[in-house]
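The file model_36.cif contains mmCIF, C-alpha atoms:
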```
data_protein
#
loop_
_atom_site.label_atom_id
_atom_site.label_comp_id
_atom_site.auth_asym_id
_atom_site.auth_seq_id
_atom_site.Cartn_x
_atom_site.Cartn_y
_atom_site.Cartn_z
CA MET A 276 -32.97 14.52 -16.18
CA LYS A 277 -31.12 13.06 -13.23
CA VAL A 278 -30.69 9.30 -12.83
CA ALA A 279 -29.15 7.54 -9.83
CA LEU A 280 -27.69 4.06 -10.20
CA ILE A 281 -27.36 1.91 -7.08
CA ALA A 282 -25.12 -1.16 -7.34
CA LEU A 283 -25.73 -3.97 -4.85
CA PRO A 284 -23.08 -6.38 -3.54
CA GLY A 285 -22.34 -9.38 -5.74
CA LYS A 286 -22.22 -13.04 -4.78
CA GLN A 287 -18.42 -13.17 -4.75
CA THR A 288 -16.40 -12.30 -1.65
CA ASN A 289 -14.03 -10.05 -3.60
CA GLN A 290 -16.18 -7.34 -5.12
CA MET A 291 -15.21 -5.86 -8.46
CA PRO A 292 -16.47 -2.53 -9.76
CA PRO A 293 -20.07 -2.69 -11.07
CA LEU A 294 -19.09 -2.57 -14.72
CA THR A 295 -22.54 -3.34 -16.13
CA LEU A 296 -24.03 -0.28 -14.44
CA ALA A 297 -20.96 1.72 -15.50
CA TYR A 298 -21.77 0.82 -19.12
CA VAL A 299 -25.37 1.90 -18.55
CA ALA A 300 -24.12 5.17 -17.06
CA ALA A 301 -21.96 5.81 -20.13
CA VAL A 302 -24.97 5.44 -22.44
CA LEU A 303 -27.05 7.75 -20.25
CA GLU A 304 -24.30 10.38 -20.26
CA GLN A 305 -24.21 10.20 -24.05
CA ARG A 306 -27.87 11.27 -23.92
CA ARG A 307 -26.98 14.28 -21.72
CA ILE A 308 -28.51 12.72 -18.61
CA ILE A 309 -26.90 13.64 -15.29
CA VAL A 310 -25.80 10.41 -13.61
CA ARG A 311 -24.57 9.45 -10.17
CA MET A 312 -23.52 5.96 -9.10
CA TYR A 313 -23.60 4.57 -5.56
CA ASP A 314 -22.03 1.19 -4.84
CA HIS A 315 -23.50 -0.41 -1.72
CA ALA A 316 -20.86 -3.18 -1.98
CA LEU A 317 -18.23 -0.76 -0.69
CA ASP A 318 -20.09 -0.70 2.62
CA ALA A 319 -22.27 -3.79 2.43
CA THR A 320 -22.49 -4.14 6.22
CA GLY A 321 -23.69 -0.59 6.70
CA SER A 322 -27.24 0.73 6.63
CA TRP A 323 -28.97 2.48 3.76
CA HIS A 324 -28.77 5.78 5.63
CA ASP A 325 -25.74 7.06 3.71
CA ILE A 326 -27.18 6.20 0.29
CA ARG A 327 -30.54 7.77 1.17
CA ARG A 328 -28.73 10.88 2.38
CA ARG A 329 -26.81 11.17 -0.91
CA LEU A 330 -29.98 10.56 -2.92
CA GLN A 331 -31.65 13.41 -1.03
CA THR A 332 -28.74 15.65 -2.02
CA PHE A 333 -28.81 14.56 -5.66
CA GLN A 334 -32.62 14.50 -6.03
CA PRO A 335 -32.88 12.11 -9.02
CA GLN A 336 -36.02 11.83 -11.13
CA ARG A 337 -35.32 8.13 -11.70
CA VAL A 338 -33.43 5.41 -9.84
CA ILE A 339 -31.94 2.16 -11.14
CA VAL A 340 -31.10 -0.61 -8.66
CA GLY A 341 -28.85 -3.32 -10.08
CA GLY A 342 -27.74 -6.56 -8.48
CA GLU A 343 -27.09 -10.27 -8.97
CA ASP A 344 -29.80 -11.56 -6.62
CA SER A 345 -33.52 -10.88 -7.07
CA ARG A 346 -34.30 -11.01 -3.34
CA THR A 347 -31.58 -8.47 -2.53
CA ILE A 348 -32.91 -6.23 -5.30
CA GLU A 349 -36.45 -6.42 -3.88
CA GLN A 350 -35.18 -5.40 -0.44
CA ALA A 351 -33.26 -2.48 -1.92
CA VAL A 352 -36.29 -1.31 -3.90
CA ALA A 353 -38.34 -1.39 -0.70
CA GLN A 354 -35.75 0.92 0.91
CA THR A 355 -36.07 3.59 -1.78
CA HIS A 356 -39.44 3.17 -3.49
CA GLN A 357 -41.42 5.39 -1.16
CA SER A 358 -39.22 8.42 -1.80
CA TYR A 359 -38.41 7.59 -5.44
CA PRO A 360 -41.34 5.73 -7.03
CA ASN A 361 -39.87 5.84 -10.55
CA ILE A 362 -37.43 3.01 -9.96
CA LEU A 363 -36.13 0.19 -12.16
CA PRO A 364 -34.95 -3.10 -10.61
CA LEU A 365 -32.22 -4.59 -12.80
CA LEU A 366 -30.89 -8.15 -12.48
CA VAL A 367 -27.31 -7.81 -13.78
CA GLN A 368 -23.80 -9.12 -13.23
CA ARG A 369 -21.13 -6.82 -11.85
CA ASN A 370 -18.50 -7.95 -14.39
CA GLY A 371 -20.07 -6.11 -17.34
CA THR A 372 -20.51 -9.08 -19.66
CA ASP A 373 -24.29 -8.56 -19.86
CA ALA A 374 -24.06 -4.84 -20.64
CA PRO A 375 -25.81 -4.94 -24.07
CA ALA A 376 -28.95 -6.53 -22.60
CA ALA A 377 -28.91 -4.18 -19.60
CA ILE A 378 -28.59 -1.11 -21.84
CA THR A 379 -31.48 -2.28 -24.01
CA GLY A 380 -33.73 -2.73 -20.97
CA VAL A 381 -32.83 0.65 -19.47
CA LEU A 382 -33.45 2.52 -22.74
CA ALA A 383 -36.87 0.87 -23.09
CA TRP A 384 -37.73 1.94 -19.54
CA LEU A 385 -36.58 5.52 -20.11
CA ASN A 386 -38.55 5.75 -23.36
CA GLY A 387 -41.66 4.28 -21.76
CA VAL A 388 -41.97 1.44 -24.26
CA ALA A 389 -42.01 -2.33 -23.94
CA THR A 390 -38.96 -2.93 -26.13
CA VAL A 391 -36.34 -1.11 -28.17
CA ASN A 392 -33.86 -2.36 -30.72
CA GLN A 393 -31.22 -4.59 -29.15
CA CYS A 394 -28.05 -2.72 -28.31
CA LEU A 395 -25.44 -4.09 -30.70
CA PRO A 396 -22.16 -5.29 -29.15
CA ASN A 397 -20.07 -2.94 -31.29
CA ASP A 398 -22.18 0.05 -30.20
CA VAL A 399 -21.48 -0.30 -26.48
CA PRO A 400 -19.34 2.65 -25.26
CA PHE A 401 -16.54 2.37 -22.75
CA PRO A 402 -17.89 2.19 -19.18
CA ALA A 403 -18.12 5.40 -17.16
CA ARG A 404 -15.26 4.55 -14.81
CA HIS A 405 -14.98 8.17 -13.69
CA LEU A 406 -18.13 7.56 -11.62
CA LEU A 407 -16.41 4.76 -9.66
CA SER A 408 -13.80 4.89 -6.92
CA LEU A 409 -11.54 2.27 -8.49
CA GLU A 410 -8.96 2.50 -5.72
CA HIS A 411 -11.53 1.30 -3.17
CA TYR A 412 -11.90 -2.15 -4.74
CA ALA A 413 -9.71 -5.09 -3.74
CA LEU A 414 -8.38 -5.64 -7.25
CA HIS A 415 -4.60 -5.70 -7.48
CA ALA A 416 -2.06 -7.12 -9.89
CA PRO A 417 0.44 -9.74 -8.61
CA GLY A 418 2.89 -6.95 -7.80
CA GLY A 419 0.28 -5.07 -5.75
CA GLU A 420 -0.51 -2.34 -8.30
CA LEU A 421 -4.07 -1.11 -8.81
CA GLN A 422 -5.94 -3.24 -11.33
CA THR A 423 -9.27 -2.68 -13.08
CA PRO A 424 -11.45 -5.13 -15.04
CA VAL A 425 -11.94 -4.95 -18.79
CA VAL A 426 -14.62 -6.88 -20.66
CA ILE A 427 -13.40 -9.05 -23.55
CA GLY A 428 -16.70 -10.69 -24.49
CA TRP A 429 -20.46 -10.11 -24.24
CA HIS A 430 -22.78 -12.85 -22.99
CA ILE A 431 -25.88 -12.57 -25.17
CA ASN A 432 -28.70 -15.14 -25.29
CA GLY A 433 -26.51 -17.80 -23.74
CA GLN A 434 -23.61 -17.33 -26.16
CA TRP A 435 -20.31 -15.47 -26.04
CA HIS A 436 -19.62 -12.72 -28.56
CA MET A 437 -15.98 -11.69 -28.30
CA ARG A 438 -15.09 -8.02 -28.62
CA GLN A 439 -12.89 -6.96 -31.49
CA PRO A 440 -9.22 -6.84 -30.44
CA ARG A 441 -8.96 -3.27 -31.72
CA GLN A 442 -11.81 -2.17 -29.42
CA ILE A 443 -10.14 -3.82 -26.45
CA GLY A 444 -6.86 -2.13 -27.35
CA GLN A 445 -8.53 1.27 -27.64
CA GLU A 446 -10.05 0.85 -24.18
CA LEU A 447 -6.65 -0.09 -22.75
CA ARG A 448 -5.13 3.00 -24.33
CA THR A 449 -7.90 5.14 -22.83
CA LEU A 450 -7.25 3.65 -19.38
CA VAL A 451 -3.59 4.60 -19.62
CA GLU A 452 -4.18 8.10 -20.93
CA GLU A 453 -7.18 9.09 -18.80
CA ALA A 454 -6.82 7.06 -15.59
CA GLY A 455 -3.13 6.20 -15.54
CA ILE A 456 -3.95 2.51 -14.98
CA ARG A 457 -1.54 0.03 -16.54
CA HIS A 458 -2.76 -3.23 -15.00
CA VAL A 459 -6.06 -4.80 -16.04
CA LEU A 460 -8.07 -7.94 -15.43
CA PHE A 461 -9.68 -9.44 -18.53
CA CYS A 462 -13.10 -10.64 -17.41
CA GLU A 463 -14.60 -13.96 -18.43
CA PRO A 464 -14.70 -15.95 -20.62
CA ALA A 465 -11.33 -17.71 -20.88
CA LEU A 466 -9.03 -16.30 -23.56
CA THR A 467 -8.82 -19.76 -25.09
CA ILE A 468 -12.56 -20.03 -25.79
CA ASP A 469 -11.99 -19.03 -29.44
CA GLU A 470 -8.63 -20.00 -30.93
CA GLN A 471 -8.79 -17.66 -33.94
CA TRP A 472 -9.88 -14.67 -31.82
CA PHE A 473 -7.19 -15.50 -29.24
CA THR A 474 -4.52 -15.40 -31.95
CA GLU A 475 -5.86 -12.10 -33.31
CA LEU A 476 -5.90 -10.55 -29.82
CA LEU A 477 -2.28 -11.52 -29.12
CA ASN A 478 -1.19 -10.25 -32.54
CA TYR A 479 -2.91 -6.91 -31.93
CA LEU A 480 -1.56 -6.42 -28.40
CA ILE A 481 1.97 -7.28 -29.51
CA SER A 482 1.89 -4.86 -32.43
CA ALA A 483 0.09 -2.06 -30.52
CA GLY A 484 2.81 -1.69 -27.87
CA LEU A 485 0.38 -0.40 -25.25
CA ASN A 486 2.67 -1.01 -22.26
CA VAL A 487 -0.26 -2.48 -20.30
CA LYS A 488 0.01 -5.60 -18.15
CA TRP A 489 -2.97 -7.91 -17.94
CA GLN A 490 -4.35 -10.96 -16.17
CA ALA A 491 -6.78 -13.43 -17.73
CA ALA A 492 -8.35 -16.84 -17.39
CA VAL A 493 -7.36 -19.68 -19.71
CA ALA A 494 -8.14 -23.35 -20.16
CA LEU A 495 -4.80 -24.99 -19.46
CA GLU A 496 -5.48 -27.87 -21.83
CA HIS A 497 -5.92 -25.40 -24.71
CA LEU A 498 -2.52 -23.76 -24.24
CA ASP A 499 0.72 -24.90 -25.83
CA GLU A 500 4.34 -24.05 -25.11
CA GLU A 501 4.71 -22.06 -28.34
CA THR A 502 2.01 -19.61 -27.22
CA ILE A 503 3.59 -18.76 -23.85
CA PRO A 504 6.33 -16.42 -25.19
CA ARG A 505 3.70 -14.55 -27.20
CA LEU A 506 1.53 -14.17 -24.09
CA ALA A 507 4.43 -12.57 -22.25
CA GLN A 508 5.24 -10.36 -25.25
CA ALA A 509 1.59 -9.22 -25.40
CA GLY A 510 1.72 -8.05 -21.78
CA CYS A 511 0.35 -11.05 -19.87
CA GLU A 512 1.50 -10.93 -16.24
CA ALA A 513 -0.85 -13.52 -14.68
CA LEU A 514 -2.95 -16.50 -15.73
CA THR A 515 -5.77 -18.12 -13.80
CA PHE A 516 -7.25 -21.50 -14.59
CA VAL A 517 -9.38 -24.27 -13.14
CA ILE A 518 -8.13 -27.81 -12.73
CA ALA A 519 -10.54 -30.68 -12.19
CA ALA A 520 -8.32 -32.84 -9.98
CA THR A 521 -8.98 -36.29 -11.37
CA SER A 522 -9.01 -35.14 -15.00
CA ILE A 523 -5.30 -34.26 -14.89
CA PHE A 524 -3.76 -35.79 -11.79
CA ASP A 525 -4.96 -39.33 -12.49
CA SER A 526 -3.16 -39.39 -15.85
CA ALA A 527 0.66 -39.48 -15.87
CA SER A 528 0.84 -38.07 -19.40
CA ARG A 529 -1.49 -35.17 -18.55
CA ARG A 530 0.44 -34.45 -15.37
CA ASN A 531 3.72 -34.31 -17.25
CA GLN A 532 2.20 -32.14 -19.96
CA ALA A 533 0.74 -29.71 -17.41
CA ARG A 534 3.98 -29.60 -15.41
CA LYS A 535 6.01 -28.85 -18.53
CA LEU A 536 3.60 -26.12 -19.59
CA LEU A 537 3.62 -24.50 -16.15
CA THR A 538 7.41 -24.57 -16.10
CA THR A 539 7.46 -22.65 -19.38
CA ILE A 540 4.92 -20.15 -18.02
CA ARG A 541 7.05 -19.60 -14.92
CA GLU A 542 10.22 -19.16 -17.00
CA HIS A 543 8.52 -16.28 -18.81
CA GLY A 544 7.70 -14.51 -15.54
CA ILE A 545 3.93 -15.08 -15.67
CA TYR A 546 2.16 -15.50 -12.34
CA THR A 547 -0.14 -18.54 -12.02
CA HIS A 548 -3.22 -19.06 -9.90
CA ALA A 549 -5.11 -22.36 -10.05
CA THR A 550 -8.49 -23.24 -8.61
CA ILE A 551 -8.44 -26.98 -8.00
CA LEU A 552 -11.81 -28.71 -7.96
CA LEU A 553 -11.87 -31.51 -5.41
CA GLU A 554 -14.17 -34.40 -6.15
CA PRO A 555 -14.87 -37.88 -4.77
CA PRO A 556 -13.59 -40.40 -3.84
CA TYR A 557 -12.50 -38.91 -0.51
CA GLU A 558 -9.53 -41.20 -0.06
CA SER A 559 -7.88 -39.78 -3.20
CA ILE A 560 -8.02 -36.12 -2.14
CA ALA A 561 -4.79 -36.12 -0.11
CA ARG A 562 -2.84 -37.77 -2.93
CA LEU A 563 -4.22 -35.33 -5.51
CA ILE A 564 -3.26 -32.38 -3.33
CA ASP A 565 0.26 -33.76 -2.95
CA VAL A 566 0.55 -33.98 -6.74
CA ALA A 567 -0.69 -30.40 -7.13
CA ALA A 568 2.05 -29.21 -4.76
CA THR A 569 4.69 -30.42 -7.24
CA PHE A 570 3.43 -28.06 -9.96
CA SER A 571 5.17 -24.97 -8.47
CA LEU A 572 2.11 -22.75 -8.83
CA ASN A 573 2.26 -19.24 -7.39
CA ASP A 574 -1.15 -19.47 -5.77
CA VAL A 575 -3.83 -22.14 -5.30
CA SER A 576 -7.37 -22.19 -4.00
CA PHE A 577 -9.62 -25.21 -3.57
CA GLU A 578 -13.29 -25.62 -4.42
CA LEU A 579 -15.54 -28.60 -3.83
CA MET A 580 -17.53 -30.24 -6.56
CA GLN A 581 -21.28 -30.06 -5.96
CA THR A 582 -21.37 -33.78 -5.15
CA MET A 583 -19.15 -33.17 -2.12
CA ARG A 584 -21.10 -30.23 -0.73
CA VAL A 585 -24.12 -32.24 0.32
CA GLY A 586 -23.82 -33.33 3.94
CA ASP A 587 -20.16 -32.36 4.32
CA ASP A 588 -18.40 -29.52 6.10
CA GLU A 589 -17.10 -27.59 3.09
CA GLN A 590 -14.89 -25.23 5.07
CA THR A 591 -13.26 -28.10 6.98
CA ILE A 592 -12.36 -29.88 3.75
CA LYS A 593 -11.02 -26.65 2.23
CA ARG A 594 -8.86 -25.96 5.29
CA PHE A 595 -7.50 -29.49 5.18
CA ALA A 596 -6.72 -29.12 1.46
CA GLN A 597 -4.92 -25.79 1.96
CA GLN A 598 -2.86 -27.10 4.88
CA ARG A 599 -1.95 -30.29 3.01
CA TYR A 600 -0.97 -28.26 -0.05
CA GLN A 601 1.31 -25.95 1.95
CA GLU A 602 3.02 -28.98 3.49
CA GLY A 603 3.45 -30.48 0.03
CA GLN A 604 5.05 -27.27 -1.23
CA ILE A 605 7.62 -27.34 1.59
CA ARG A 606 8.43 -30.97 0.81
CA GLN A 607 8.80 -30.20 -2.90
CA ARG A 608 11.14 -27.27 -2.21
CA LEU A 609 13.36 -29.55 -0.12
CA ILE A 610 13.39 -32.14 -2.91
CA ASP A 611 14.15 -29.51 -5.57
CA ARG A 612 17.05 -28.16 -3.50
CA PHE A 613 18.63 -31.31 -2.09
CA GLY A 614 17.42 -34.07 -4.41
CA PRO A 615 14.78 -36.77 -3.90
CA VAL A 616 16.71 -38.82 -1.33
CA LEU A 617 18.12 -36.10 0.94
CA GLY A 618 15.13 -33.83 0.44
CA GLY A 619 12.76 -36.63 1.39
CA LEU A 620 14.82 -37.44 4.48
CA LEU A 621 14.87 -33.79 5.57
CA TRP A 622 11.10 -33.68 5.14
CA GLN A 623 10.62 -36.76 7.30
CA LEU A 624 12.86 -35.26 9.99
CA ARG A 625 10.88 -32.04 9.85
CA VAL A 626 7.57 -33.87 10.19
CA GLN A 627 8.92 -35.90 13.12
CA HIS A 628 10.20 -32.71 14.80
CA VAL A 629 6.83 -30.99 14.39
CA ASP A 630 5.00 -34.03 15.79
CA GLU A 631 7.30 -34.13 18.83
CA ASP A 632 6.78 -30.41 19.45
CA GLU A 633 3.01 -30.93 19.33
CA GLU A 634 3.22 -33.80 21.80
CA LEU A 635 5.31 -31.72 24.20
CA GLY A 636 2.99 -28.79 23.79
CA GLY A 637 0.01 -31.04 24.48
#
```
Would you give me this structure, written as structure tokens?
Amino acid sequence: MKVALIALPGKQTNQMPPLTLAYVAAVLEQRRIIVRMYDHALDATGSWHDIRRRLQTFQPQRVIVGGEDSRTIEQAVAQTHQSYPNILPLLVQRNGTDAPAAITGVLAWLNGVATVNQCLPNDVPFPARHLLSLEHYALHAPGGELQTPVVIGWHINGQWHMRQPRQIGQELRTLVEEAGIRHVLFCEPALTIDEQWFTELLNYLISAGLNVKWQAAVALEHLDEETIPRLAQAGCEALTFVIAATSIFDSASRRNQARKLLTTIREHGIYTHATILLEPPYESIARLIDVAATFSLNDVSFELMQTMRVGDDEQTIKRFAQQRYQEGQIRQRLIDRFGPVLGGLLWQLRVQHVDEDEELGG
């Protein structure tokens, strides 16, 4: 039997490989089914002509269309249903965390039954990455090297079930040996969601000596300075986290704690990216951004809380936040280099010079 899997673009701007369908493909290949995968996200602006042409060449008996949006899936089914009536629409995430449920649904469809036994988390094989053009995705480590995502937990019935550290380590070893990839992105959830599992994962990665660098999300408030050296030893090269502005910046003790922690992270050569959630009141946003600029983060993006998105120009606020943050970084670098007094004076002179240039240019 031949089965074609069509992955639709996700909701995020930066598309990652369709891992959930890659897991499905791995299960199908175990059953000696010939599989081909076509990712429409790699050419989302193009027509369906190329995919239809490749389907005509492959001539599958069955087609699976997977995506994150039901309306997009319906449109895709309409494009292919006439030529390939045996088609399964599949509402799935691209990041692979819902693979067990997706596999269960696909096997029931192939067997022509309403349900089959739930695919157990420990029975999920490694995804069929050989069916994907990994180099075509915009996933790169901080140094620019090719990076690929790796699932660390399954989202089943609204709860997270973390993968065994040994399984994760075996997948990392396979990536090195078969694909030559040494930089990975650990998908959601945050590593700090389960303290005991987090400790076990670090212990395993340190002892395994896999020589693989990885990036992951954490909850900053659940990290401590003692853990940072072990993160670096385990291969961590980048951390991402979300900061709700008022929850940290309005408290002097929390600010100092976060600043101290980030300093330790930076000293161990770990790249940091923070998504800062901006929330009302409006008059506090500029001050909160100025505080964020003193944290010496490697990269920052800004998101608006839902309460600010109603009736406001979201992009305008984001642009203002980014510009204000960049200005704050310049001011902080001057202060760090020349001290608070001279650095502050140099900043004021710079601002005055820029304002005068703008007036002359106007």
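Residues of protein, DNA or RNA having at least one counted atom within 12 Å of (4.4, -14.8, -28.3), given only C-alpha atoms, are Phe473, Thr474, Glu475, Leu476, Leu477, Asn478, Tyr479, Leu480, Ile481, Ser482, Asp499, Glu500, Glu501, Thr502, Ile503, Pro504, Arg505, Leu506, Ala507, Gln508, Ala509, Gly510, Cys511, Ile540 and His543 of chain A.
Note that the spacing between atom CA of A:Pro424 and atom CA of A:Leu294 amounts to 8.1 Å.
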Open item on the list: Quick check on the file I pasted: which residues fall under the PyMOL selection byres ((chain A and resi 301) around 12)? Write them as a PyMOL selection string.
Closed with: chain A and resi 278+280+294-300+302-312+374+378+398-407
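With all atoms listed in the file as the atoms that count, the residue of A:Ile339, A:Ile443, A:Leu414, A:Val381 with the shortest distance to A:Asn397 is A:Ile443.
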Open item on the list: Evaluated on this file, the PyMOL selection byres ((chain A and resi 384-389) around 10) picks out some residues - which ones are they, written as a list in words?
Closed with: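 This file gives the following for the PyMOL selection byres ((chain A and resi 384-389) around 10): Leu303, Arg337, Ile362, Leu363, Ile378, Thr379, Gly380, Val381, Leu382, Ala383, Thr390 and Val391 of chain A.
Between atom CA of A:Val352 and atom CA of A:Pro293 lies a distance of 17.8 Å.
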Translate the PyMOL selection byres ((chain A and resi 331-336) around 6), as applied to the file shown, into an explicit residue set as a PDB file with C-alpha atoms, keeping the file's coordinate frame.
```pdb
ATOM      1  CA  LYS A 277     -31.120  13.060 -13.230  1.00  0.00           C
ATOM      2  CA  VAL A 278     -30.690   9.300 -12.830  1.00  0.00           C
ATOM      3  CA  ALA A 279     -29.150   7.540  -9.830  1.00  0.00           C
ATOM      4  CA  ARG A 328     -28.730  10.880   2.380  1.00  0.00           C
ATOM      5  CA  ARG A 329     -26.810  11.170  -0.910  1.00  0.00           C
ATOM      6  CA  LEU A 330     -29.980  10.560  -2.920  1.00  0.00           C
ATOM      7  CA  ARG A 337     -35.320   8.130 -11.700  1.00  0.00           C
TER       8      ARG A 337
END
```
TODO: Determine the nearest neighbour of A:Asp318 from the options A:His411, A:Arg534, A:Lys286, A:His436, counting all atoms listed in the file.
DONE: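 Result for the nearest residue to A:Asp318: A:His411.
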Task: atom CA of A:Gln471 to atom CA of A:Val493, distance in Å rounded to a single decimal - done: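 Computed distance, atom CA of A:Gln471 to atom CA of A:Val493, equals 14.4 Å.
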May I have the centre and edge lengths, in Å to one decimal, of an axis-aligned box around the listed atoms of stretch 367-382 of chain A with 8 Å added to every side, as JSON?
```
{"center_x": -26.1, "center_y": -3.3, "center_z": -18.0, "size_x": 31.2, "size_y": 27.6, "size_z": 28.2}
```
TODO: For A:Asp314, work out the shell of residues within 7 Å, counting all atoms listed in the file and skipping chain neighbours fewer than 4 positions away, then give it as an MDAnalysis selection string.
DONE: chainID A and resid 281:283
- [ ] Write out as a list in words each polymer residue whose atoms come within 7 Å of A:Thr423, counting all atoms listed in the file; drop sequence neighbours fewer than 6 positions from it.
- [x] Leu414, His458, Val459 and Leu460 of chain A
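Residue neighbourhood of A:Thr515, excluding near-sequence residues (fewer than 4 positions): Ala492, Thr547, His548 and Ala549 of chain A, at 6 Å, using all atoms listed in the file.
Of the listed residues (A:Ala494, A:Ile456, A:Leu485, A:Met291), A:Ala494 comes nearest to A:Glu470; the distances count all atoms listed in the file.
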- [ ] Would you list the contacts of A:His430 as a PyMOL selection string, taking every protein, DNA or RNA residue within 9 Å and counting all atoms listed in the file, but skipping same-chain residues closer than 2 positions in sequence?
- [x] chain A and resi 372-376+428+432-437+464
- [ ] Kindly indicate which residue among A:Phe570, A:Phe516, A:Val340, A:Leu552 lies nearest to A:Thr538, using only C-alpha atoms for the distances.
- [x]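 Looking at the shortest contact to A:Thr538, the residue is A:Phe570.
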Open item on the list: For a quick check of understanding, using all atoms listed in the file, which of A:Asn361, A:Thr539, A:Thr449, A:Gln287 has the smallest distance to A:Leu498?
Closed with: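 Between A:Asn361, A:Thr539, A:Thr449, A:Gln287, the residue approaching A:Leu498 most closely is A:Thr539.
Using only C-alpha atoms, the smallest distance between any of A:Gly419, A:Asn370, A:Leu537, A:Leu395 and A:Cys462 comes from A:Asn370.
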Would you mind putting all heavy atoms back on stretch 548-553 of chain A and writing the result as a JSON list (two decimals), in the coordinates of the input?
```json
[["chain", "number", "residue", "atom", "x", "y", "z"],
["A", 548, "HIS", "N", -2.28, -18.73, -10.98],
["A", 548, "HIS", "CA", -3.22, -19.06, -9.90],
["A", 548, "HIS", "C", -4.16, -20.15, -10.41],
["A", 548, "HIS", "O", -4.79, -19.99, -11.46],
["A", 548, "HIS", "CB", -4.06, -17.86, -9.46],
["A", 548, "HIS", "CG", -5.16, -18.25, -8.51],
["A", 548, "HIS", "ND1", -4.96, -18.31, -7.15],
["A", 548, "HIS", "CD2", -6.45, -18.64, -8.72],
["A", 548, "HIS", "CE1", -6.08, -18.70, -6.57],
["A", 548, "HIS", "NE2", -7.00, -18.91, -7.50],
["A", 549, "ALA", "N", -4.24, -21.25, -9.67],
["A", 549, "ALA", "CA", -5.11, -22.36, -10.05],
["A", 549, "ALA", "C", -6.19, -22.57, -9.01],
["A", 549, "ALA", "O", -5.93, -22.51, -7.80],
["A", 549, "ALA", "CB", -4.30, -23.64, -10.21],
["A", 550, "THR", "N", -7.41, -22.77, -9.47],
["A", 550, "THR", "CA", -8.49, -23.24, -8.61],
["A", 550, "THR", "C", -8.64, -24.73, -8.87],
["A", 550, "THR", "O", -8.95, -25.14, -9.99],
["A", 550, "THR", "CB", -9.81, -22.51, -8.92],
["A", 550, "THR", "OG1", -9.64, -21.11, -8.67],
["A", 550, "THR", "CG2", -10.93, -23.04, -8.05],
["A", 551, "ILE", "N", -8.39, -25.52, -7.86],
["A", 551, "ILE", "CA", -8.44, -26.98, -8.00],
["A", 551, "ILE", "C", -9.78, -27.48, -7.48],
["A", 551, "ILE", "O", -10.14, -27.22, -6.33],
["A", 551, "ILE", "CB", -7.28, -27.66, -7.27],
["A", 551, "ILE", "CG1", -5.95, -27.20, -7.89],
["A", 551, "ILE", "CG2", -7.41, -29.17, -7.32],
["A", 551, "ILE", "CD1", -4.73, -27.80, -7.23],
["A", 552, "LEU", "N", -10.52, -28.16, -8.33],
["A", 552, "LEU", "CA", -11.81, -28.71, -7.96],
["A", 552, "LEU", "C", -11.61, -30.09, -7.35],
["A", 552, "LEU", "O", -11.10, -31.01, -8.01],
["A", 552, "LEU", "CB", -12.73, -28.81, -9.18],
["A", 552, "LEU", "CG", -13.05, -27.49, -9.89],
["A", 552, "LEU", "CD1", -13.95, -27.76, -11.09],
["A", 552, "LEU", "CD2", -13.72, -26.52, -8.94],
["A", 553, "LEU", "N", -11.98, -30.23, -6.09],
["A", 553, "LEU", "CA", -11.87, -31.51, -5.41],
["A", 553, "LEU", "C", -13.15, -32.30, -5.61],
["A", 553, "LEU", "O", -14.25, -31.77, -5.50],
["A", 553, "LEU", "CB", -11.61, -31.30, -3.92],
["A", 553, "LEU", "CG", -10.34, -30.51, -3.58],
["A", 553, "LEU", "CD1", -10.27, -30.26, -2.08],
["A", 553, "LEU", "CD2", -9.10, -31.24, -4.06]]
```
